[in-house]
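Text of the file final-v2.txt, holding compact mmCIF, C-alpha atoms and all ligand atoms:
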# COMPACT_ATOMS: atom_id res chain seq x y z
CA MET A 150 4.48 -1.05 -17.17
CA THR A 151 6.66 1.43 -19.07
CA SER A 152 10.00 2.67 -17.76
CA ASN A 153 8.45 6.11 -17.40
CA GLN A 154 5.66 4.68 -15.23
CA ILE A 155 8.24 2.91 -13.06
CA ARG A 156 10.12 6.19 -12.66
CA GLU A 157 6.89 7.95 -11.71
CA LEU A 158 6.02 5.28 -9.13
CA ASN A 159 9.41 5.65 -7.48
CA ARG A 160 9.21 9.43 -7.59
CA SER A 161 5.74 9.52 -6.06
CA VAL A 162 6.55 7.01 -3.30
CA THR A 163 9.51 9.21 -2.32
CA LEU A 164 7.25 12.27 -2.13
CA LEU A 165 4.60 10.35 -0.15
CA GLY A 166 7.16 9.03 2.33
CA ALA A 167 8.91 12.39 2.86
CA PRO A 168 9.05 13.46 6.52
CA GLU A 169 6.88 16.53 5.88
CA SER A 170 4.19 14.45 4.15
CA ASP A 171 1.35 13.30 6.39
CA PHE A 172 0.28 10.76 3.81
CA ALA A 173 0.48 7.62 5.99
CA GLU A 174 -1.40 9.37 8.80
CA ARG A 175 -4.16 10.42 6.44
CA PHE A 176 -4.23 7.02 4.80
CA TYR A 177 -4.85 5.14 8.07
CA SER A 178 -7.50 7.66 9.21
CA ALA A 179 -9.31 7.23 5.91
CA LEU A 180 -8.88 3.42 6.05
CA PHE A 181 -10.45 3.24 9.51
CA ALA A 182 -13.31 5.47 8.39
CA ALA A 183 -13.95 3.26 5.33
CA LEU A 184 -13.31 -0.12 7.01
CA PRO A 185 -13.83 0.38 10.77
CA GLU A 186 -13.75 -3.37 11.41
CA THR A 187 -10.03 -3.36 10.54
CA ARG A 188 -9.10 -0.91 13.33
CA PRO A 189 -8.92 -3.54 16.12
CA MET A 190 -6.64 -5.75 13.96
CA PHE A 191 -3.80 -3.26 14.46
CA GLY A 192 -1.60 -2.97 17.52
CA THR A 193 -1.18 0.35 19.29
CA ASP A 194 2.04 1.45 17.59
CA MET A 195 0.69 3.09 14.45
CA THR A 196 3.87 5.15 14.05
CA ARG A 197 5.77 1.94 13.41
CA GLN A 198 3.00 0.60 11.17
CA LYS A 199 3.04 3.77 9.05
CA ALA A 200 6.79 3.38 8.55
CA ARG A 201 6.39 -0.31 7.63
CA LEU A 202 3.73 0.43 5.03
CA MET A 203 5.85 3.13 3.41
CA GLU A 204 8.98 0.94 3.45
CA MET A 205 7.04 -1.88 1.85
CA LEU A 206 5.60 0.38 -0.87
CA SER A 207 9.05 1.79 -1.70
CA PHE A 208 10.58 -1.66 -1.77
CA LEU A 209 7.83 -3.01 -4.03
CA VAL A 210 8.12 -0.21 -6.56
CA GLU A 211 11.92 -0.44 -6.54
CA GLN A 212 11.70 -4.15 -7.29
CA ILE A 213 8.77 -3.99 -9.69
CA GLU A 214 10.81 -5.54 -12.49
CA HIS A 215 12.04 -8.39 -10.29
CA PRO A 216 9.18 -10.86 -9.89
CA GLU A 217 11.58 -13.45 -8.45
CA ILE A 218 12.06 -11.13 -5.45
CA LEU A 219 8.49 -9.85 -5.28
CA GLU A 220 6.63 -13.16 -5.52
CA PRO A 221 7.90 -14.78 -2.31
CA MET A 222 7.68 -11.48 -0.42
CA LEU A 223 4.11 -10.79 -1.49
CA SER A 224 2.99 -14.32 -0.87
CA GLY A 225 4.39 -14.11 2.70
CA LEU A 226 2.75 -10.71 3.18
CA GLY A 227 -0.58 -12.13 1.99
CA LYS A 228 -0.39 -15.07 4.42
CA ARG A 229 0.42 -12.77 7.35
CA HIS A 230 -2.56 -10.57 6.40
CA GLU A 231 -4.85 -13.57 6.44
CA ALA A 232 -3.61 -14.24 9.97
CA TYR A 233 -4.26 -10.58 10.95
CA GLY A 234 -7.90 -11.18 9.98
CA VAL A 235 -7.83 -9.25 6.69
CA LYS A 236 -10.45 -10.59 4.25
CA PRO A 237 -10.17 -10.65 0.43
CA ASP A 238 -13.06 -8.15 0.27
CA HIS A 239 -11.02 -5.58 2.19
CA TYR A 240 -8.43 -5.12 -0.55
CA ALA A 241 -10.48 -3.27 -3.18
CA PRO A 242 -11.77 -0.62 -0.72
CA MET A 243 -8.28 -0.33 0.79
CA GLY A 244 -6.87 0.28 -2.70
CA GLN A 245 -9.51 2.92 -3.31
CA VAL A 246 -8.59 4.71 -0.07
CA LEU A 247 -4.88 4.43 -0.87
CA LEU A 248 -5.26 5.98 -4.32
CA THR A 249 -7.63 8.70 -3.10
CA GLU A 250 -5.21 9.74 -0.35
CA MET A 251 -2.27 9.62 -2.75
CA ALA A 252 -4.16 11.94 -5.10
CA LEU A 253 -4.96 14.37 -2.25
CA THR A 254 -1.36 14.39 -1.02
CA LEU A 255 0.28 14.69 -4.43
CA GLY A 256 -2.09 17.34 -5.77
CA GLU A 257 -1.05 18.38 -9.25
CA GLN A 258 1.70 15.76 -9.27
CA TRP A 259 -1.08 13.13 -9.37
CA THR A 260 -1.23 12.97 -13.16
CA PRO A 261 -3.28 10.46 -15.17
CA GLU A 262 -0.07 8.57 -15.88
CA VAL A 263 0.79 8.33 -12.18
CA GLU A 264 -2.75 7.18 -11.43
CA THR A 265 -2.63 4.45 -14.10
CA ALA A 266 0.77 3.29 -12.85
CA TRP A 267 -0.47 3.01 -9.23
CA LYS A 268 -3.62 1.19 -10.30
CA SER A 269 -1.49 -1.46 -12.05
CA ALA A 270 0.99 -1.59 -9.19
CA PHE A 271 -1.77 -2.06 -6.60
CA GLN A 272 -3.37 -4.81 -8.68
CA ALA A 273 0.01 -6.55 -8.95
CA ILE A 274 0.45 -6.30 -5.16
CA VAL A 275 -3.00 -7.76 -4.50
CA ASP A 276 -2.43 -10.53 -7.05
CA GLY A 277 0.90 -11.33 -5.40
CA MET A 278 -0.76 -11.46 -1.99
CA SER A 279 -3.11 -14.06 -3.60
CA VAL A 280 -6.28 -12.34 -2.60
CA GLY A 281 -7.53 -10.81 -5.75
C1 LIG B 301 -6.70 -4.89 2.71
C2 LIG B 301 -6.39 -3.99 3.55
C3 LIG B 301 -5.32 -4.19 4.59
C4 LIG B 301 -5.52 -4.29 5.92
C5 LIG B 301 -6.86 -4.24 6.67
C6 LIG B 301 -4.22 -4.46 6.53
C7 LIG B 301 -4.00 -4.66 7.88
C8 LIG B 301 -2.80 -4.92 8.47
C9 LIG B 301 -2.61 -5.33 9.85
C10 LIG B 301 -3.74 -5.56 10.85
C11 LIG B 301 -1.28 -5.44 10.07
C12 LIG B 301 -0.61 -5.86 11.39
C13 LIG B 301 -0.33 -4.67 12.21
C14 LIG B 301 0.16 -4.99 13.61
O1 LIG B 301 0.86 -6.02 13.79
O2 LIG B 301 -0.14 -4.19 14.50
C15 LIG B 301 -0.63 -5.11 8.82
C16 LIG B 301 0.74 -5.12 8.65
C17 LIG B 301 1.35 -4.77 7.47
N1 LIG B 301 0.74 -4.46 6.28
FE1 LIG B 301 -1.24 -4.45 5.92
N2 LIG B 301 -3.24 -4.43 5.58
C18 LIG B 301 -3.86 -4.29 4.36
C19 LIG B 301 -3.24 -4.25 3.14
C20 LIG B 301 -1.88 -4.14 2.95
C21 LIG B 301 -1.23 -4.01 1.67
C22 LIG B 301 -1.93 -3.99 0.30
C23 LIG B 301 0.09 -3.91 1.90
C24 LIG B 301 1.15 -3.76 0.84
C25 LIG B 301 1.97 -2.78 0.80
C26 LIG B 301 0.29 -3.98 3.35
C27 LIG B 301 1.50 -3.90 4.02
C28 LIG B 301 1.71 -4.20 5.34
C29 LIG B 301 3.02 -4.34 5.98
C30 LIG B 301 4.36 -4.14 5.31
C31 LIG B 301 2.81 -4.70 7.31
C32 LIG B 301 3.88 -4.95 8.38
C33 LIG B 301 3.82 -6.37 8.92
C34 LIG B 301 4.04 -7.46 7.91
O3 LIG B 301 4.90 -7.32 7.01
O4 LIG B 301 3.32 -8.48 8.00
N3 LIG B 301 -0.93 -4.12 3.94
N4 LIG B 301 -1.56 -4.81 7.86

Represent the structure contained in this file as structure tokens.
Amino acid sequence: MTSNQIRELNRSVTLLGAPESDFAERFYSALFAALPETRPMFGTDMTRQKARLMEMLSFLVEQIEHPEILEPMLSGLGKRHEAYGVKPDHYAPMGQVLLTEMALTLGEQWTPEVETAWKSAFQAIVDGMSVG
């Protein structure tokens, strides 16, 4: 990952998490359309869940050069997801939905470089969660 890609990841996560962005809302709607069996795994407070997802994504991209911080966090996150009922086969379609919704939200700011950076970042997240 180049330093420019890391900058782009941080820039895009800030845009996606901005109060006026409805990215997280759109992401979960698209996730439940693509993987309806995951809907009942979630509690009722999706507002809180949306915030947690965005906080986790910002934290992960901020710390992308610090594997000693990321590894234990991601391994814990992966174990909790197993307990939620998430299966290894859910991650690739979830990643697809995540990137598609990012592209729709970011519009022309979704450049090929940003796309490549998010593909690598998502793969690193999944690898760290020990599911891929
Ligand atoms: C494979 C698709 C995924 C599914 C179906 C899924 C599902 C879930 C579920 C059911 C919860 C618990 C919600 C609740 O307690 O109501 C959760 C929590 C959470 N998910 Fe995911 N998840 C997926 C992938 C990911 C990925 C890749 C990340 C990485 C950013 C992530 C980040 C989080 C965070 C930060 C929480 C908050 C609770 C915690 O830290 O354990 N999820 N997810």

**OP:** Give the residues close to ligand LIG 301 (chain B), within 6 Å, counting only C-alpha atoms and all ligand atoms; write them as a ChimeraX atom specification.
**Re:** /A:187,190-192,201-202,205-206,226,229,233,235,239-240,243

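Put simply, atom CA of Pro261 of chain A is 14.6 Å away from atom CA of Arg160 of chain A.
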
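The coordinates place atom CA of Phe271 of chain A at 19.2 Å from atom CA of Glu174 of chain A.
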
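Straight-line separation from atom CA of Gly225 of chain A to atom CA of Ser279 of chain A: 9.8 Å.
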
**OP:** Mind checking which residues fall within 10 Å of Glu220 of chain A, counting only C-alpha atoms, ignoring those fewer than 2 positions away in the same chain, and posting them as a PyMOL selection string?
**Re:** chain A and resi 215-218+222-226+273-274+276-279

Kindly export the residues of the current selection with C-alpha atoms, as an mmCIF file, keeping the file's coordinate frame.
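Saved file part05.cif follows:
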data_model
loop_
_atom_site.group_PDB
_atom_site.id
_atom_site.type_symbol
_atom_site.label_atom_id
_atom_site.label_comp_id
_atom_site.auth_asym_id
_atom_site.auth_seq_id
_atom_site.Cartn_x
_atom_site.Cartn_y
_atom_site.Cartn_z
ATOM 1 C CA HIS A 215 12.040 -8.390 -10.290
ATOM 2 C CA PRO A 216 9.180 -10.860 -9.890
ATOM 3 C CA GLU A 217 11.580 -13.450 -8.450
ATOM 4 C CA ILE A 218 12.060 -11.130 -5.450
ATOM 5 C CA MET A 222 7.680 -11.480 -0.420
ATOM 6 C CA LEU A 223 4.110 -10.790 -1.490
ATOM 7 C CA SER A 224 2.990 -14.320 -0.870
ATOM 8 C CA GLY A 225 4.390 -14.110 2.700
ATOM 9 C CA LEU A 226 2.750 -10.710 3.180
ATOM 10 C CA ALA A 273 0.010 -6.550 -8.950
ATOM 11 C CA ILE A 274 0.450 -6.300 -5.160
ATOM 12 C CA ASP A 276 -2.430 -10.530 -7.050
ATOM 13 C CA GLY A 277 0.900 -11.330 -5.400
ATOM 14 C CA MET A 278 -0.760 -11.460 -1.990
ATOM 15 C CA SER A 279 -3.110 -14.060 -3.600
#

Working from the structure I just supplied, which lacks atoms in segment 225-247 of chain A, can you model N, CA and C atoms there and output them as a PDB file, in the frame of the given file?
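Written file, part17.pdb:
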ATOM      1  N   GLY A 225       4.250 -14.140   1.229  1.00  0.00           N
ATOM      2  CA  GLY A 225       4.390 -14.110   2.700  1.00  0.00           C
ATOM      3  C   GLY A 225       3.534 -13.011   3.315  1.00  0.00           C
ATOM      4  N   LEU A 226       3.541 -11.855   2.684  1.00  0.00           N
ATOM      5  CA  LEU A 226       2.750 -10.710   3.180  1.00  0.00           C
ATOM      6  C   LEU A 226       1.255 -11.066   3.168  1.00  0.00           C
ATOM      7  N   GLY A 227       0.827 -11.725   2.106  1.00  0.00           N
ATOM      8  CA  GLY A 227      -0.580 -12.130   1.990  1.00  0.00           C
ATOM      9  C   GLY A 227      -0.968 -13.109   3.087  1.00  0.00           C
ATOM     10  N   LYS A 228      -0.090 -14.077   3.360  1.00  0.00           N
ATOM     11  CA  LYS A 228      -0.390 -15.070   4.420  1.00  0.00           C
ATOM     12  C   LYS A 228      -0.466 -14.393   5.777  1.00  0.00           C
ATOM     13  N   ARG A 229       0.457 -13.460   6.043  1.00  0.00           N
ATOM     14  CA  ARG A 229       0.420 -12.770   7.350  1.00  0.00           C
ATOM     15  C   ARG A 229      -0.873 -11.957   7.458  1.00  0.00           C
ATOM     16  N   HIS A 230      -1.319 -11.355   6.345  1.00  0.00           N
ATOM     17  CA  HIS A 230      -2.560 -10.570   6.400  1.00  0.00           C
ATOM     18  C   HIS A 230      -3.777 -11.443   6.665  1.00  0.00           C
ATOM     19  N   GLU A 231      -3.754 -12.657   6.143  1.00  0.00           N
ATOM     20  CA  GLU A 231      -4.850 -13.570   6.440  1.00  0.00           C
ATOM     21  C   GLU A 231      -4.891 -13.814   7.946  1.00  0.00           C
ATOM     22  N   ALA A 232      -3.699 -14.007   8.524  1.00  0.00           N
ATOM     23  CA  ALA A 232      -3.610 -14.240   9.970  1.00  0.00           C
ATOM     24  C   ALA A 232      -4.041 -13.007  10.779  1.00  0.00           C
ATOM     25  N   TYR A 233      -3.819 -11.801  10.233  1.00  0.00           N
ATOM     26  CA  TYR A 233      -4.260 -10.580  10.950  1.00  0.00           C
ATOM     27  C   TYR A 233      -5.783 -10.467  10.944  1.00  0.00           C
ATOM     28  N   GLY A 234      -6.431 -11.250  10.061  1.00  0.00           N
ATOM     29  CA  GLY A 234      -7.900 -11.180   9.980  1.00  0.00           C
ATOM     30  C   GLY A 234      -8.389 -10.403   8.761  1.00  0.00           C
ATOM     31  N   VAL A 235      -7.448 -10.001   7.890  1.00  0.00           N
ATOM     32  CA  VAL A 235      -7.830  -9.250   6.690  1.00  0.00           C
ATOM     33  C   VAL A 235      -8.527 -10.201   5.712  1.00  0.00           C
ATOM     34  N   LYS A 236      -9.658  -9.757   5.167  1.00  0.00           N
ATOM     35  CA  LYS A 236     -10.450 -10.590   4.250  1.00  0.00           C
ATOM     36  C   LYS A 236     -10.211 -10.122   2.808  1.00  0.00           C
ATOM     37  N   PRO A 237     -10.354 -11.047   1.843  1.00  0.00           N
ATOM     38  CA  PRO A 237     -10.170 -10.650   0.430  1.00  0.00           C
ATOM     39  C   PRO A 237     -10.988  -9.413   0.052  1.00  0.00           C
ATOM     40  N   ASP A 238     -12.198  -9.299   0.604  1.00  0.00           N
ATOM     41  CA  ASP A 238     -13.060  -8.150   0.270  1.00  0.00           C
ATOM     42  C   ASP A 238     -12.545  -6.817   0.798  1.00  0.00           C
ATOM     43  N   HIS A 239     -11.548  -6.845   1.670  1.00  0.00           N
ATOM     44  CA  HIS A 239     -11.020  -5.580   2.190  1.00  0.00           C
ATOM     45  C   HIS A 239     -10.078  -4.892   1.190  1.00  0.00           C
ATOM     46  N   TYR A 240      -9.506  -5.680   0.270  1.00  0.00           N
ATOM     47  CA  TYR A 240      -8.430  -5.120  -0.550  1.00  0.00           C
ATOM     48  C   TYR A 240      -8.895  -4.051  -1.546  1.00  0.00           C
ATOM     49  N   ALA A 241     -10.048  -4.284  -2.201  1.00  0.00           N
ATOM     50  CA  ALA A 241     -10.480  -3.270  -3.180  1.00  0.00           C
ATOM     51  C   ALA A 241     -10.773  -1.929  -2.495  1.00  0.00           C
ATOM     52  N   PRO A 242     -11.562  -1.921  -1.380  1.00  0.00           N
ATOM     53  CA  PRO A 242     -11.770  -0.620  -0.720  1.00  0.00           C
ATOM     54  C   PRO A 242     -10.481  -0.015  -0.172  1.00  0.00           C
ATOM     55  N   MET A 243      -9.561  -0.862   0.299  1.00  0.00           N
ATOM     56  CA  MET A 243      -8.280  -0.330   0.790  1.00  0.00           C
ATOM     57  C   MET A 243      -7.536   0.337  -0.357  1.00  0.00           C
ATOM     58  N   GLY A 244      -7.545  -0.286  -1.532  1.00  0.00           N
ATOM     59  CA  GLY A 244      -6.870   0.280  -2.700  1.00  0.00           C
ATOM     60  C   GLY A 244      -7.480   1.615  -3.097  1.00  0.00           C
ATOM     61  N   GLN A 245      -8.803   1.680  -2.985  1.00  0.00           N
ATOM     62  CA  GLN A 245      -9.510   2.920  -3.310  1.00  0.00           C
ATOM     63  C   GLN A 245      -9.062   4.051  -2.379  1.00  0.00           C
ATOM     64  N   VAL A 246      -9.014   3.722  -1.080  1.00  0.00           N
ATOM     65  CA  VAL A 246      -8.590   4.710  -0.070  1.00  0.00           C
ATOM     66  C   VAL A 246      -7.138   5.127  -0.334  1.00  0.00           C
ATOM     67  N   LEU A 247      -6.298   4.147  -0.634  1.00  0.00           N
ATOM     68  CA  LEU A 247      -4.880   4.430  -0.870  1.00  0.00           C
ATOM     69  C   LEU A 247      -4.711   5.405  -2.035  1.00  0.00           C
TER      70      LEU A 247
END
